[in-house]
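Source file: work-v1.txt (compact mmCIF, C-alpha atoms and all ligand atoms)
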```txt
# COMPACT_ATOMS: atom_id res chain seq x y z
CA MET F 137 -44.35 70.88 -1.22
CA LYS F 138 -45.62 69.52 -4.51
CA THR F 139 -48.22 72.24 -4.86
CA TYR F 140 -45.66 74.87 -4.01
CA MET F 141 -43.37 73.62 -6.76
CA SER F 142 -46.20 73.63 -9.27
CA TYR F 143 -46.95 77.23 -8.60
CA GLY F 144 -43.26 78.03 -8.91
CA LEU F 145 -43.24 76.57 -12.37
CA LEU F 146 -46.49 78.22 -13.29
CA ILE F 147 -45.11 81.61 -12.37
CA LEU F 148 -41.94 80.84 -14.26
CA LEU F 149 -43.86 79.92 -17.38
CA ILE F 150 -46.09 82.96 -17.18
CA ALA F 151 -43.19 85.28 -16.47
CA TYR F 152 -40.99 84.21 -19.34
CA LYS F 153 -43.46 83.55 -22.14
CA SER F 154 -41.88 83.15 -25.52
CA GLN F 155 -39.98 86.29 -26.34
CA PHE F 156 -36.58 84.66 -25.87
CA VAL F 157 -37.43 81.64 -27.94
CA GLN F 158 -36.94 81.71 -31.66
CA GLY F 159 -39.02 79.59 -33.97
CA GLN F 160 -38.65 79.10 -37.67
CA GLY F 161 -39.95 82.47 -38.71
CA HIS F 162 -43.51 82.16 -37.45
CA LEU F 163 -45.29 83.42 -34.37
CA LEU F 164 -46.12 80.79 -31.80
CA ASP F 165 -49.74 80.02 -31.09
CA LYS F 166 -50.46 78.54 -27.69
CA PRO F 167 -53.26 76.00 -27.51
CA VAL F 168 -52.17 74.65 -24.09
CA THR F 169 -52.97 76.65 -20.96
CA GLU F 170 -50.36 77.30 -18.28
CA LEU F 171 -52.28 75.09 -15.84
CA CYS F 172 -52.34 72.28 -18.36
CA LEU F 173 -48.60 72.61 -18.96
CA THR F 174 -48.08 72.50 -15.22
CA CYS F 175 -50.05 69.26 -14.87
CA ILE F 176 -48.25 67.63 -17.78
CA CYS F 177 -44.87 68.47 -16.31
CA GLU F 178 -46.06 67.44 -12.84
CA ALA F 179 -47.05 64.04 -14.22
CA ILE F 180 -44.03 63.42 -16.40
CA SER F 181 -41.17 64.74 -14.25
CA GLY F 182 -42.65 66.03 -10.98
CA CYS F 183 -41.86 69.44 -12.48
CA ASN F 184 -38.25 68.87 -11.57
CA ALA F 185 -36.47 71.75 -13.27
CA THR F 186 -33.01 70.26 -12.78
CA ALA F 187 -31.56 70.30 -16.27
CA ILE F 188 -31.12 66.64 -17.03
CA CYS F 189 -31.60 64.05 -19.69
CA THR F 190 -32.97 60.94 -17.98
CA SER F 191 -31.81 58.83 -20.84
CA PRO F 192 -29.04 60.67 -22.69
CA GLU F 193 -28.53 57.98 -25.32
CA LYS F 194 -32.22 58.16 -26.18
CA GLY F 195 -32.40 61.88 -25.50
CA VAL F 196 -35.25 62.33 -23.04
CA CYS F 197 -34.65 65.70 -21.50
CA GLY F 198 -35.93 68.42 -19.23
CA LEU F 199 -39.09 69.32 -17.32
CA PHE F 200 -41.30 67.83 -20.01
CA ARG F 201 -39.04 64.85 -20.78
CA ILE F 202 -38.92 65.77 -24.43
CA THR F 203 -37.35 63.46 -26.99
CA TRP F 204 -35.31 64.54 -29.97
CA ALA F 205 -38.04 63.43 -32.41
CA TYR F 206 -40.64 65.42 -30.45
CA TRP F 207 -38.42 68.49 -30.54
CA VAL F 208 -37.97 68.10 -34.31
CA ASP F 209 -41.75 67.79 -34.82
CA ALA F 210 -42.21 70.86 -32.64
CA GLY F 211 -40.15 72.95 -35.06
CA LYS F 212 -36.63 72.74 -33.56
CA LEU F 213 -36.94 75.72 -31.26
CA THR F 214 -33.65 76.96 -29.87
CA ILE F 215 -32.40 79.28 -27.15
CA ASN F 216 -29.89 82.12 -27.31
CA GLY F 217 -29.98 82.21 -31.09
CA GLU F 218 -28.45 78.77 -31.37
CA HIS F 219 -28.61 77.17 -34.80
CA PRO F 220 -31.16 74.31 -34.87
CA ASP F 221 -28.53 71.97 -36.29
CA ALA F 222 -26.03 72.72 -33.53
CA GLU F 223 -25.03 69.62 -31.61
CA ARG F 224 -26.57 70.71 -28.32
CA ALA F 225 -29.53 72.66 -29.72
CA PHE F 226 -32.05 69.99 -28.72
CA ILE F 227 -30.65 69.38 -25.23
CA ASN F 228 -30.35 73.08 -24.50
CA CYS F 229 -33.94 73.74 -25.54
CA ALA F 230 -35.45 70.70 -23.78
CA ASN F 231 -33.65 71.65 -20.56
CA ASP F 232 -34.84 75.24 -20.73
CA PRO F 233 -38.32 75.58 -19.14
CA HIS F 234 -39.74 78.09 -21.58
CA CYS F 235 -38.17 76.62 -24.72
CA ALA F 236 -39.49 73.22 -23.62
CA ALA F 237 -42.95 74.64 -22.87
CA ASN F 238 -43.06 76.33 -26.26
CA SER F 239 -42.07 73.06 -27.90
CA VAL F 240 -45.06 71.42 -26.18
CA GLN F 241 -47.27 74.22 -27.51
CA ASN F 242 -46.00 73.74 -31.07
CA TYR F 243 -46.35 69.98 -30.85
CA MET F 244 -49.97 70.27 -29.67
CA LYS F 245 -50.75 72.87 -32.28
CA LYS F 246 -49.57 70.43 -34.91
CA PHE F 247 -51.12 67.23 -33.55
CA ASN F 248 -54.26 68.54 -31.84
CA GLN F 249 -56.84 65.73 -31.76
CA ASP F 250 -59.60 64.23 -29.64
CA CYS F 251 -57.67 61.26 -28.27
CA ASN F 252 -60.21 60.15 -25.67
CA ASP F 253 -63.21 60.54 -28.00
CA ASP F 254 -65.14 62.79 -25.64
CA GLY F 255 -65.94 65.33 -28.34
CA GLU F 256 -63.54 67.94 -27.00
CA MET F 257 -59.90 68.81 -27.43
CA ASP F 258 -58.58 69.76 -24.04
CA CYS F 259 -55.84 69.14 -21.52
CA HIS F 260 -56.74 65.46 -21.19
CA ASP F 261 -55.97 65.03 -24.88
CA TYR F 262 -52.75 67.04 -24.64
CA ALA F 263 -51.59 64.88 -21.74
CA ARG F 264 -52.18 61.80 -23.89
CA ILE F 265 -50.49 63.24 -26.95
CA HIS F 266 -47.53 64.31 -24.83
CA LYS F 267 -47.00 60.89 -23.27
CA LEU F 268 -48.13 58.51 -26.00
CA GLY F 269 -47.21 60.56 -29.06
CA ALA F 270 -49.35 61.98 -31.81
CA TYR F 271 -50.06 58.64 -33.42
CA GLY F 272 -50.57 56.56 -30.28
CA CYS F 273 -52.62 58.92 -28.16
CA LYS F 274 -55.69 56.69 -28.00
CA GLY F 275 -53.69 53.95 -26.28
CA ASP F 276 -53.40 53.03 -22.61
CA MET F 277 -51.79 55.59 -20.35
CA PRO F 278 -49.14 54.43 -17.86
CA TYR F 279 -50.83 54.33 -14.45
CA LYS F 280 -48.34 56.54 -12.64
CA TYR F 281 -48.42 59.27 -15.24
CA GLN F 282 -52.22 59.17 -15.52
CA SER F 283 -52.82 59.33 -11.78
CA ALA F 284 -50.31 62.16 -11.20
CA PHE F 285 -51.93 64.09 -14.02
CA GLU F 286 -55.48 63.57 -12.70
CA GLU F 287 -54.40 64.52 -9.19
CA CYS F 288 -52.91 67.76 -10.47
CA ILE F 289 -56.03 68.65 -12.47
CA GLU F 290 -58.23 67.89 -9.45
CA ASN F 291 -56.03 70.10 -7.30
CA PHE F 292 -56.62 73.03 -9.61
CA GLU F 293 -60.34 72.25 -9.85
CA ASP F 294 -60.55 72.26 -6.04
CA GLN F 295 -59.12 75.76 -6.16
CA GLY F 296 -61.75 76.84 -8.66
CA LEU F 297 -59.23 76.97 -11.50
CA GLY F 298 -60.38 73.83 -13.28
CA ASP F 299 -61.95 75.49 -16.27
CA LYS F 300 -58.62 77.10 -17.07
CA THR F 301 -57.04 73.73 -17.86
CA ASP F 302 -59.09 73.25 -21.02
C1 LIG K 401 -34.62 66.61 -9.32
O1 LIG K 401 -33.82 65.78 -10.13
C2 LIG K 401 -32.47 65.71 -9.72
C3 LIG K 401 -31.70 64.93 -10.76
O2 LIG K 401 -32.30 63.69 -11.01
C4 LIG K 401 -32.42 65.07 -8.34
O3 LIG K 401 -31.08 65.01 -7.90
C5 LIG K 401 -33.24 65.92 -7.36
O4 LIG K 401 -33.28 65.28 -6.11
C6 LIG K 401 -34.65 66.11 -7.89
N1 LIG K 401 -35.35 67.06 -7.05
C7 LIG K 401 -36.53 66.78 -6.48
C8 LIG K 401 -37.12 67.86 -5.65
O5 LIG K 401 -37.10 65.71 -6.64
```
Once more with this new file: its structure as structure tokens, please.
Ligand SMILES: *[C@@H]1O[C@H](CO)[C@@H](O)[C@H](O)[C@H]1NC(C)=O
Amino acid sequence: MKTYMSYGLLILLIAYKSQFVQGQGHLLDKPVTELCLTCICEAISGCNATAICTSPEKGVCGLFRITWAYWVDAGKLTINGEHPDAERAFINCANDPHCAANSVQNYMKKFNQDCNDDGEMDCHDYARIHKLGAYGCKGDMPYKYQSAFEECIENFEDQGLGDKTD
């Protein structure tokens, strides 16, 4: 069931890409692979695509549980041509799988760093940056998030797809 849902999301992300998402006048680069995105969303929300904010007053929304500050740092992407300053611009983007995924890409592009000091910048660092933030990514990972993430990566590695998570 879990694996099935992951693939559903993966296909969704690959199918939609970024053409419907507008940034602030620049093309989006994508440092994070689709498999890595899948494992981050698996760990943080179970890849539950139900459009919700788990904590509306704090604004923690969507598949990737994005906060307002994260969305701002990621360049205030919007959907359907919405103005970035519109009241619901953040919520609508965070609850949209491809706008949210592109926000993760922008955030990682901006804050790319070797959080676990292993000499590489890969999905393990992105998972840390996503959960702990750009300035706290060397800290301790919550157990549940960490173990769900590792399990997802191992799943892909077992299928011979591991190298694609880098
Ligand atoms: C997804 O989240 C919604 C809202 O919290 C919940 O009602 C639903 O049961 C969840 N779906 C799964 C498959 O966990």
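Near (-55.6, 62.6, -33.5), the residues that fall inside 8 Å on the basis of only C-alpha atoms are F:Phe247, F:Asn248, F:Gln249, F:Asp250, F:Cys251, F:Ala270, F:Tyr271, F:Cys273.
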Mind running range 201-291 of chain F against range 177-197 of chain F at 9 Å and telling me each contacting residue's nearest atom pair with the distance in Å (one decimal), counting only C-alpha atoms, chain and number ascending, as JSON lines?
```
{"residue": "F:Arg201", "atom": "CA", "partner": "F:Cys197", "partner_atom": "CA", "distance": 4.5}
{"residue": "F:Ile202", "atom": "CA", "partner": "F:Cys197", "partner_atom": "CA", "distance": 5.2}
{"residue": "F:Thr203", "atom": "CA", "partner": "F:Val196", "partner_atom": "CA", "distance": 4.6}
{"residue": "F:Trp204", "atom": "CA", "partner": "F:Gly195", "partner_atom": "CA", "distance": 6.0}
{"residue": "F:Phe226", "atom": "CA", "partner": "F:Gly195", "partner_atom": "CA", "distance": 8.7}
{"residue": "F:Ile227", "atom": "CA", "partner": "F:Cys197", "partner_atom": "CA", "distance": 6.6}
{"residue": "F:Asn228", "atom": "CA", "partner": "F:Ala187", "partner_atom": "CA", "distance": 8.8}
{"residue": "F:Ala230", "atom": "CA", "partner": "F:Cys197", "partner_atom": "CA", "distance": 5.6}
{"residue": "F:Asn231", "atom": "CA", "partner": "F:Ala187", "partner_atom": "CA", "distance": 5.0}
{"residue": "F:Asp232", "atom": "CA", "partner": "F:Ala187", "partner_atom": "CA", "distance": 7.4}
{"residue": "F:Pro233", "atom": "CA", "partner": "F:Ala185", "partner_atom": "CA", "distance": 7.2}
{"residue": "F:Ala263", "atom": "CA", "partner": "F:Ala179", "partner_atom": "CA", "distance": 8.8}
{"residue": "F:Lys267", "atom": "CA", "partner": "F:Ile180", "partner_atom": "CA", "distance": 7.9}
{"residue": "F:Lys280", "atom": "CA", "partner": "F:Ala179", "partner_atom": "CA", "distance": 7.8}
{"residue": "F:Tyr281", "atom": "CA", "partner": "F:Ala179", "partner_atom": "CA", "distance": 5.1}
{"residue": "F:Gln282", "atom": "CA", "partner": "F:Ala179", "partner_atom": "CA", "distance": 7.2}
{"residue": "F:Ser283", "atom": "CA", "partner": "F:Ala179", "partner_atom": "CA", "distance": 7.8}
{"residue": "F:Ala284", "atom": "CA", "partner": "F:Ala179", "partner_atom": "CA", "distance": 4.8}
{"residue": "F:Phe285", "atom": "CA", "partner": "F:Ala179", "partner_atom": "CA", "distance": 4.9}
{"residue": "F:Glu286", "atom": "CA", "partner": "F:Ala179", "partner_atom": "CA", "distance": 8.6}
{"residue": "F:Glu287", "atom": "CA", "partner": "F:Ala179", "partner_atom": "CA", "distance": 8.9}
{"residue": "F:Cys288", "atom": "CA", "partner": "F:Glu178", "partner_atom": "CA", "distance": 7.3}
```
Using only C-alpha atoms and all ligand atoms for the distances, tell me which of F:Gly198, F:Lys166, F:Cys172, F:Ile265 is nearest to ligand LIG 401 (chain K).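 The answer is F:Gly198, which sits nearest to ligand LIG 401 (chain K).
Interatomic distance, CA of Cys175 in chain F against CA of Met257 in chain F: 16.0 Å.
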Rank nothing, just name the residue among F:Leu199, F:Met277, F:Val168, F:Leu297 nearest to ligand LIG 401 (chain K), using only C-alpha atoms and all ligand atoms.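 Closest to ligand LIG 401 (chain K) of all the choices is F:Leu199.
From CA of Leu171 in chain F back to atom C6 of ligand LIG 401 (chain K), the distance works out to 21.3 Å.
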Quick one: pull the distance between CA of His266 in chain F and CA of Leu173 in chain F, Å, one decimal.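 Here the two named atoms are 10.2 Å from each other.
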F:Glu170, F:Ala210, F:Glu223, F:Asp165 ranked by distance to Phe292 in chain F, top pick (using only C-alpha atoms):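 When distances to Phe292 in chain F are compared using only C-alpha atoms, the smallest one comes from F:Glu170.
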Padding 3 Å on every side, please: axis-aligned box over the listed atoms of ligand LIG 401 (chain K), centre and edge lengths to one decimal in Å, as lines of an AutoDock Vina configuration file.
```
center_x = -34.1
center_y = 65.8
center_z = -8.3
size_x = 12.0
size_y = 10.2
size_z = 11.4
```
When distances are computed from all atoms listed in the file, which of F:Ala236, F:Ile176, F:Ala205, F:Ala225 shows the smallest separation from Cys259 in chain F?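 That would be F:Ile176, the residue with the smallest distance to Cys259 in chain F.
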Would you please work out which residue, of F:Asn252, F:Gln241, F:Thr174, F:Asn291, is nearest to Asp209 in chain F when using all atoms listed in the file?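 That would be F:Gln241, the residue with the smallest distance to Asp209 in chain F.
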Give the answer as one residue: which of F:Ile215, F:Ala222, F:Gly272, F:Ile289 has the shortest atom-to-atom distance to Asp258 in chain F, using all atoms listed in the file?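 Once distances to Asp258 in chain F are computed over all atoms listed in the file, the minimum belongs to F:Ile289.
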